[in-house]
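Enquirer: Structure file my_file_15.txt, compact mmCIF, C-alpha atoms, is pasted below:
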# COMPACT_ATOMS: atom_id res chain seq x y z
CA MET A 1 149.99 126.90 173.03
CA ALA A 2 149.63 123.72 175.03
CA GLU A 3 146.24 124.56 176.45
CA ASP A 4 144.85 124.88 172.91
CA HIS A 5 145.31 121.21 172.22
CA VAL A 6 143.02 118.31 172.85
CA PRO A 7 144.83 115.18 174.05
CA CYS A 8 145.81 113.10 171.04
CA ASP A 9 144.91 109.73 172.54
CA SER A 10 142.08 108.72 170.24
CA ASN A 11 140.38 106.34 172.70
CA ASP A 12 139.04 104.40 169.73
CA HIS A 13 137.85 101.68 172.08
CA ALA A 14 135.67 104.18 173.91
CA SER A 15 133.35 104.50 170.92
CA ASN A 16 132.41 100.88 171.55
CA MET A 17 131.03 101.92 174.95
CA LYS A 18 128.29 103.97 173.25
CA GLY A 19 125.05 102.15 172.56
CA ALA A 20 124.96 100.08 169.39
CA ASN A 21 122.03 102.18 168.09
CA ASP A 22 123.52 105.46 169.20
CA SER A 23 124.30 107.49 166.10
CA LEU A 24 123.98 110.97 167.63
CA VAL A 25 125.83 113.82 165.91
CA VAL A 26 126.35 116.86 168.16
CA CYS A 27 127.02 120.10 166.23
CA PHE A 28 128.73 122.96 168.06
CA GLY A 29 128.93 126.65 167.16
CA GLU A 30 126.90 129.47 165.71
CA MET A 31 123.25 129.77 164.73
CA LEU A 32 121.97 133.02 163.27
CA ILE A 33 119.46 134.71 161.01
CA ASP A 34 120.38 135.07 157.34
CA PHE A 35 118.68 137.96 155.57
CA VAL A 36 118.60 136.99 151.89
CA PRO A 37 117.57 139.40 149.08
CA THR A 38 114.28 138.48 147.41
CA VAL A 39 115.99 138.87 144.01
CA ALA A 40 119.34 137.54 142.89
CA GLY A 41 122.23 139.41 141.32
CA VAL A 42 121.94 142.66 143.31
CA SER A 43 124.04 144.33 146.00
CA LEU A 44 122.73 144.74 149.54
CA ALA A 45 121.97 148.39 148.80
CA GLU A 46 120.03 147.51 145.65
CA ALA A 47 117.98 144.70 147.21
CA PRO A 48 114.29 145.67 147.24
CA ALA A 49 113.55 143.40 150.22
CA PHE A 50 115.01 140.60 152.32
CA LYS A 51 113.61 137.28 153.41
CA LYS A 52 114.77 136.03 156.82
CA ALA A 53 116.07 132.49 157.01
CA PRO A 54 117.64 130.54 159.88
CA GLY A 55 121.32 129.75 159.29
CA GLY A 56 124.78 129.19 160.78
CA ALA A 57 126.86 126.28 159.50
CA PRO A 58 126.79 123.95 162.55
CA ALA A 59 123.03 124.47 162.98
CA ASN A 60 122.48 123.84 159.27
CA VAL A 61 124.38 120.54 159.56
CA ALA A 62 122.32 119.49 162.60
CA VAL A 63 119.03 120.16 160.78
CA GLY A 64 120.38 118.53 157.63
CA ILE A 65 121.12 115.30 159.50
CA SER A 66 117.73 115.27 161.19
CA ARG A 67 115.87 115.95 157.94
CA LEU A 68 117.64 112.96 156.41
CA GLY A 69 116.32 110.80 159.26
CA GLY A 70 119.42 110.89 161.46
CA SER A 71 119.89 111.84 165.10
CA SER A 72 121.40 115.26 165.87
CA ALA A 73 121.79 117.92 168.55
CA PHE A 74 122.92 121.54 168.42
CA MET A 75 125.06 123.17 171.09
CA GLY A 76 125.56 126.94 171.14
CA LYS A 77 124.28 130.26 172.45
CA LEU A 78 121.51 132.52 171.20
CA GLY A 79 120.29 135.94 172.29
CA ASP A 80 117.54 136.20 174.87
CA ASP A 81 115.42 137.82 172.15
CA GLU A 82 112.69 137.07 169.60
CA PHE A 83 115.16 135.77 167.02
CA GLY A 84 116.93 133.57 169.56
CA TYR A 85 113.75 131.83 170.65
CA MET A 86 112.61 131.54 167.04
CA LEU A 87 115.84 129.73 166.15
CA SER A 88 115.62 127.42 169.15
CA ASP A 89 112.04 126.56 168.14
CA ILE A 90 113.17 125.86 164.56
CA LEU A 91 115.65 123.30 165.90
CA LYS A 92 112.88 121.66 167.89
CA GLN A 93 110.48 121.68 164.92
CA ASN A 94 113.15 119.92 162.88
CA ASN A 95 113.68 117.22 165.53
CA VAL A 96 117.10 118.52 166.54
CA ASP A 97 117.89 118.12 170.25
CA ASN A 98 118.20 121.72 171.53
CA SER A 99 118.95 120.86 175.17
CA GLY A 100 122.49 122.21 174.68
CA VAL A 101 121.25 125.67 173.63
CA ARG A 102 121.86 128.54 176.05
CA PHE A 103 120.52 132.14 175.99
CA ASP A 104 122.41 135.36 176.70
CA SER A 105 120.66 138.45 178.07
CA THR A 106 123.57 140.79 177.31
CA ALA A 107 124.00 140.15 173.56
CA ARG A 108 121.74 139.73 170.56
CA THR A 109 121.33 136.77 168.24
CA ALA A 110 123.75 137.15 165.31
CA LEU A 111 122.49 138.45 161.96
CA ALA A 112 124.02 138.09 158.49
CA PHE A 113 122.93 139.83 155.31
CA VAL A 114 123.75 137.56 152.39
CA THR A 115 123.88 138.89 148.83
CA LEU A 116 123.15 136.45 146.03
CA LYS A 117 125.25 137.23 142.98
CA ASP A 118 124.97 135.59 139.56
CA GLU A 119 125.10 131.78 139.69
CA GLY A 120 123.90 131.99 143.30
CA GLU A 121 127.35 132.80 144.79
CA ARG A 122 127.34 134.77 148.04
CA GLU A 123 128.76 137.77 149.88
CA PHE A 124 128.23 138.37 153.59
CA LEU A 125 127.68 141.34 155.90
CA PHE A 126 127.70 140.22 159.55
CA PHE A 127 126.26 141.86 162.68
CA ARG A 128 128.24 140.31 165.58
CA HIS A 129 129.54 143.02 167.94
CA PRO A 130 129.50 140.77 169.91
CA SER A 131 126.64 138.36 169.27
CA ALA A 132 125.39 135.78 171.75
CA ASP A 133 127.09 132.81 170.03
CA MET A 134 130.51 134.34 170.85
CA LEU A 135 129.73 134.37 174.59
CA LEU A 136 129.17 130.67 175.34
CA ARG A 137 131.11 129.81 178.51
CA GLU A 138 132.70 126.48 179.36
CA SER A 139 130.47 126.21 182.46
CA GLU A 140 127.42 126.26 180.15
CA LEU A 141 128.43 123.16 178.17
CA ASP A 142 126.06 120.18 178.41
CA ILE A 143 128.63 117.54 179.31
CA ASN A 144 126.13 114.67 179.23
CA LEU A 145 125.16 115.56 175.65
CA LEU A 146 128.81 115.71 174.60
CA GLU A 147 129.50 112.30 176.10
CA GLN A 148 126.63 110.78 174.09
CA ALA A 149 127.98 111.98 170.73
CA ARG A 150 129.03 109.36 168.21
CA ILE A 151 130.30 112.31 166.16
CA PHE A 152 131.15 115.81 167.43
CA HIS A 153 131.08 118.37 164.60
CA TYR A 154 132.38 121.94 164.74
CA GLY A 155 133.81 124.82 162.69
CA SER A 156 136.32 127.61 163.21
CA ILE A 157 134.10 130.66 163.73
CA SER A 158 133.77 129.79 167.43
CA LEU A 159 137.57 130.08 167.70
CA ILE A 160 137.64 133.80 166.87
CA SER A 161 137.07 135.17 170.37
CA GLU A 162 136.77 134.28 174.03
CA PRO A 163 134.96 132.84 175.92
CA CYS A 164 133.60 130.68 173.10
CA ARG A 165 137.09 129.68 171.97
CA SER A 166 137.94 128.01 175.28
CA SER A 167 134.47 126.45 175.37
CA GLN A 168 135.10 124.81 172.00
CA PHE A 169 138.46 123.42 173.16
CA ALA A 170 136.77 122.00 176.27
CA ALA A 171 133.90 120.48 174.26
CA MET A 172 136.36 118.83 171.86
CA ARG A 173 138.32 117.43 174.80
CA ILE A 174 135.21 115.97 176.47
CA ALA A 175 133.89 114.46 173.23
CA LYS A 176 137.25 112.94 172.30
CA LYS A 177 137.71 111.46 175.76
CA SER A 178 134.32 109.75 175.53
CA GLY A 179 135.18 108.20 172.15
CA SER A 180 133.51 110.57 169.69
CA ILE A 181 134.72 111.02 166.13
CA LEU A 182 135.76 114.68 165.73
CA SER A 183 134.49 116.29 162.51
CA TYR A 184 135.80 119.71 161.39
CA ASP A 185 134.54 122.05 158.66
CA PRO A 186 136.59 125.28 158.94
CA ASN A 187 133.89 127.23 157.06
CA LEU A 188 136.26 130.12 156.30
CA ARG A 189 134.78 133.61 156.77
CA VAL A 190 137.82 135.91 156.60
CA ALA A 191 135.75 139.04 157.31
CA LEU A 192 134.95 137.77 160.83
CA TRP A 193 138.62 137.41 161.85
CA PRO A 194 140.94 140.28 162.87
CA SER A 195 143.12 139.49 159.84
CA ALA A 196 143.72 136.84 157.19
CA GLU A 197 146.78 135.65 159.12
CA ALA A 198 144.73 135.33 162.31
CA ALA A 199 142.19 133.26 160.39
CA ARG A 200 144.90 130.97 159.01
CA GLU A 201 146.50 130.48 162.43
CA GLY A 202 143.18 129.98 164.19
CA ILE A 203 141.89 127.43 161.69
CA MET A 204 145.15 125.46 161.75
CA SER A 205 145.48 125.58 165.57
CA ILE A 206 143.09 122.62 165.95
CA TRP A 207 143.79 120.95 162.60
CA ASP A 208 145.61 117.92 164.03
CA GLN A 209 142.79 117.09 166.46
CA ALA A 210 140.17 116.13 163.85
CA ASP A 211 139.36 112.64 162.60
CA VAL A 212 137.37 114.00 159.62
CA ILE A 213 137.94 117.32 157.84
CA LYS A 214 135.92 118.84 155.01
CA ILE A 215 137.39 121.79 153.12
CA SER A 216 136.69 123.66 149.89
CA GLU A 217 139.12 124.40 147.07
CA GLU A 218 139.34 128.08 148.07
CA GLU A 219 140.13 127.05 151.64
CA ILE A 220 143.04 124.90 150.38
CA THR A 221 144.45 127.92 148.55
CA PHE A 222 143.96 130.14 151.59
CA LEU A 223 145.46 127.71 154.10
CA THR A 224 148.42 126.48 152.04
CA GLY A 225 149.24 129.57 149.98
CA CYS A 226 149.45 127.32 146.92
CA ASP A 227 147.92 128.29 143.58
CA ASP A 228 146.66 124.84 142.61
CA PRO A 229 144.08 123.34 145.00
CA ASN A 230 143.86 120.32 142.67
CA ASP A 231 147.42 119.23 143.41
CA ASP A 232 147.21 116.03 145.48
CA LYS A 233 150.75 116.57 146.75
CA VAL A 234 149.79 119.93 148.26
CA VAL A 235 146.76 118.41 149.98
CA LEU A 236 148.61 115.35 151.28
CA ASN A 237 151.81 117.14 152.33
CA LYS A 238 150.30 120.25 153.88
CA LEU A 239 146.84 119.24 155.08
CA PHE A 240 146.73 115.50 155.74
CA HIS A 241 147.91 114.68 159.29
CA PRO A 242 148.71 111.34 161.01
CA ASN A 243 145.52 111.25 163.12
CA LEU A 244 143.23 112.00 160.17
CA LYS A 245 140.86 109.25 159.03
CA LEU A 246 139.22 111.17 156.16
CA LEU A 247 139.89 114.45 154.35
CA ILE A 248 137.27 115.66 151.88
CA VAL A 249 137.71 118.49 149.38
CA THR A 250 134.45 119.86 147.99
CA GLU A 251 134.50 121.20 144.43
CA GLY A 252 131.03 122.76 144.20
CA SER A 253 128.98 121.42 141.31
CA LYS A 254 131.94 119.29 140.13
CA GLY A 255 131.66 117.00 143.17
CA CYS A 256 134.34 116.16 145.74
CA ARG A 257 137.69 114.47 146.32
CA TYR A 258 138.51 112.18 149.23
CA TYR A 259 141.75 111.15 150.92
CA THR A 260 142.34 108.47 153.55
CA LYS A 261 145.52 106.68 154.62
CA GLU A 262 144.64 103.81 152.28
CA PHE A 263 143.03 105.37 149.20
CA LYS A 264 142.04 108.58 147.41
CA GLY A 265 139.68 109.49 144.58
CA ARG A 266 136.97 111.75 143.20
CA VAL A 267 133.17 111.48 143.18
CA PRO A 268 131.33 113.51 140.51
CA GLY A 269 128.67 116.08 141.36
CA VAL A 270 124.97 115.87 140.54
CA LYS A 271 123.90 118.46 137.96
CA VAL A 272 121.10 120.89 138.83
CA LYS A 273 120.24 124.53 138.02
CA PRO A 274 121.57 126.61 140.96
CA VAL A 275 119.40 129.28 142.56
CA ASP A 276 121.30 129.90 145.82
CA THR A 277 124.43 128.11 147.05
CA THR A 278 123.80 129.08 150.71
CA GLY A 279 123.93 125.94 152.83
CA ALA A 280 125.13 123.61 150.06
CA GLY A 281 128.35 122.74 151.88
CA ASP A 282 126.43 122.20 155.11
CA ALA A 283 123.94 119.93 153.33
CA PHE A 284 126.91 117.97 151.98
CA VAL A 285 128.37 117.61 155.49
CA GLY A 286 124.97 116.57 156.87
CA GLY A 287 124.65 113.91 154.18
CA MET A 288 128.14 112.58 154.85
CA LEU A 289 127.88 112.58 158.65
CA SER A 290 124.44 110.95 158.65
CA ASN A 291 125.98 108.04 156.74
CA LEU A 292 129.13 107.97 158.85
CA ALA A 293 127.20 108.03 162.15
CA SER A 294 125.42 104.82 161.21
CA ASN A 295 128.51 103.14 159.75
CA LEU A 296 131.99 104.05 160.98
CA ASN A 297 133.40 101.45 158.56
CA LEU A 298 133.18 104.05 155.77
CA PHE A 299 136.79 104.97 156.60
CA GLU A 300 137.97 101.51 155.53
CA ASP A 301 135.55 100.61 152.72
CA GLU A 302 136.12 102.70 149.58
CA LYS A 303 132.97 101.46 147.83
CA LEU A 304 130.78 102.45 150.79
CA LEU A 305 132.61 105.75 151.14
CA ARG A 306 132.03 106.61 147.47
CA GLU A 307 128.31 105.80 147.82
CA ALA A 308 128.10 108.02 150.91
CA LEU A 309 129.88 110.88 149.13
CA LEU A 310 127.62 110.62 146.06
CA PHE A 311 124.66 110.84 148.45
CA ALA A 312 126.31 113.88 150.11
CA ASN A 313 126.88 115.51 146.71
CA ALA A 314 123.18 115.03 145.95
CA CYS A 315 122.27 116.62 149.31
CA GLY A 316 124.22 119.71 148.27
CA ALA A 317 122.65 119.69 144.81
CA VAL A 318 119.07 119.63 146.09
CA THR A 319 119.87 122.50 148.48
CA VAL A 320 121.09 124.90 145.77
CA THR A 321 117.75 124.68 143.95
CA GLU A 322 116.03 126.75 146.68
CA ARG A 323 116.80 129.98 148.55
CA GLY A 324 118.18 130.02 152.09
CA ALA A 325 119.99 127.30 154.02
CA ILE A 326 117.77 125.46 156.51
CA PRO A 327 114.57 125.87 154.43
CA ALA A 328 116.33 124.26 151.45
CA LEU A 329 117.90 121.25 153.21
CA PRO A 330 116.58 118.01 151.68
CA THR A 331 114.74 114.97 152.93
CA LYS A 332 116.18 111.53 152.18
CA ASP A 333 113.41 110.95 149.61
CA ALA A 334 114.33 114.16 147.75
CA VAL A 335 117.98 113.07 147.58
CA LEU A 336 117.14 109.54 146.42
CA LYS A 337 114.74 110.98 143.83
CA LEU A 338 117.51 113.17 142.40
CA LEU A 339 119.78 110.11 142.26
CA GLY A 340 117.02 108.11 140.56
CA LYS A 341 116.91 105.64 143.43
CA VAL A 342 113.42 106.13 144.83
CA PRO A 343 111.69 102.74 145.02
CA ALA A 344 108.39 102.45 143.16
CA ARG A 345 105.40 102.88 145.41
Do you think you could lay out the structure here as structure tokens?
Expert:
Amino acid sequence: MAEDHVPCDSNDHASNMKGANDSLVVCFGEMLIDFVPTVAGVSLAEAPAFKKAPGGAPANVAVGISRLGGSSAFMGKLGDDEFGYMLSDILKQNNVDNSGVRFDSTARTALAFVTLKDEGEREFLFFRHPSADMLLRESELDINLLEQARIFHYGSISLISEPCRSSQFAAMRIAKKSGSILSYDPNLRVALWPSAEAAREGIMSIWDQADVIKISEEEITFLTGCDDPNDDKVVLNKLFHPNLKLLIVTEGSKGCRYYTKEFKGRVPGVKVKPVDTTGAGDAFVGGMLSNLASNLNLFEDEKLLREALLFANACGAVTVTERGAIPALPTKDAVLKLLGKVPAR
């Protein structure tokens, strides 16, 4: 539908109007409480206890960027409850601008119970019926914050229901008009959508608006219906679009692949012993966007892009060595140490 689309004029020149030192990344969407079992490899019913941890992909990315020394803000809605104010405080404690956070008195902060299976892989049980993040209205958007964004980052979970869906479209439109790079991580959670088909349609409805897209191998299979997510032809023919500057496919511990109009390739992963993969993809995105925000030339320079993606892979690797998402996100020193690049003190 026409109203679903953000104008395609990229306004590349507008990014030059932002301050030379302005590398703000604004992350839009959900923030919630993850309840993680205290032991791995058990079902929710078998878990002896749960540890609460702040989560939600866009919020994880915002904290990830800040922890790496970058500039970030989070925009979304929380419940007017203990958990909501706790999450807002966590943003503040992690030097994330929370001026775009709103509170809803009619709905609770979202909760997710996350089971950790063998190898740290996850299953989710969500409590969002509805949750506050789904109720953000367009009138509650902080337009000034959006206009300051060098990069505007978002997912697809906010597209599932109104009024948040229309709010995301409006936020994308404002950011694009003011010259922001649009960054999209679909972060597929089929269980939250009415159906698999609704998820596919919803995720693809804004596909051609993004400048940067990060997807996983399983998301390629889900979105394209193809069996082989490693087939470059599938990725380029079905997922690369004319406005796209960078498409990244994450491959877990194996690393990632990258595609631009000029070049494509693969960057190997950094080997660690996984404990919990929660937040690894978000840590990767945070690592990539923190580099991109300070140097938009990454799109054109393959050597710089590969360095940035190796750094992003290491961000994900550090994160899987601890439980939870936000608590496990790394500092720049921790990433450089893993890469063997920490200067002698």
Enquirer: Per residue of stretch 157-229 of chain A within 10 Å of stretch 65-80 of chain A, note the shortest atom pair and the distance in Å to one decimal, counting only C-alpha atoms, and order the rows by chain and increasing residue number, as a Markdown table.
Expert:
| residue | atom | partner | partner_atom | distance |
| --- | --- | --- | --- | --- |
| A:Ser158 | CA | A:Gly76 | CA | 9.4 |
| A:Cys164 | CA | A:Gly76 | CA | 9.1 |
| A:Ser167 | CA | A:Gly76 | CA | 9.9 |
| A:Gln168 | CA | A:Gly76 | CA | 9.8 |
| A:Ala171 | CA | A:Met75 | CA | 9.8 |
Enquirer: Which residue gives the smallest distance to A:Phe50 among A:Asp34, A:Asp208, A:Asp97, A:Asp231, with all atoms listed in the file counted?
Expert: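 Of the candidates, the smallest distance to A:Phe50 is held by A:Asp34.
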Enquirer: In file coordinates, which residues lie within 7 Å of (113.5, 139.0, 143.5) using all atoms listed in the file, given as a list of chain:residue names?
Expert: A:Pro37, A:Thr38, A:Val39, A:Ala40
Enquirer: Pick from A:Thr278, A:Asn230, A:Ser180, A:Ser43: nearest to A:Val212, with all atoms listed in the file counted?
Expert: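 Among the listed residues, A:Ser180 lies closest to A:Val212.
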Enquirer: Rounded to one decimal place, report the atom CA of A:Met288-atom CA of A:Ala312 distance in Å.
Expert: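 Here the two named atoms are 5.2 Å from each other.
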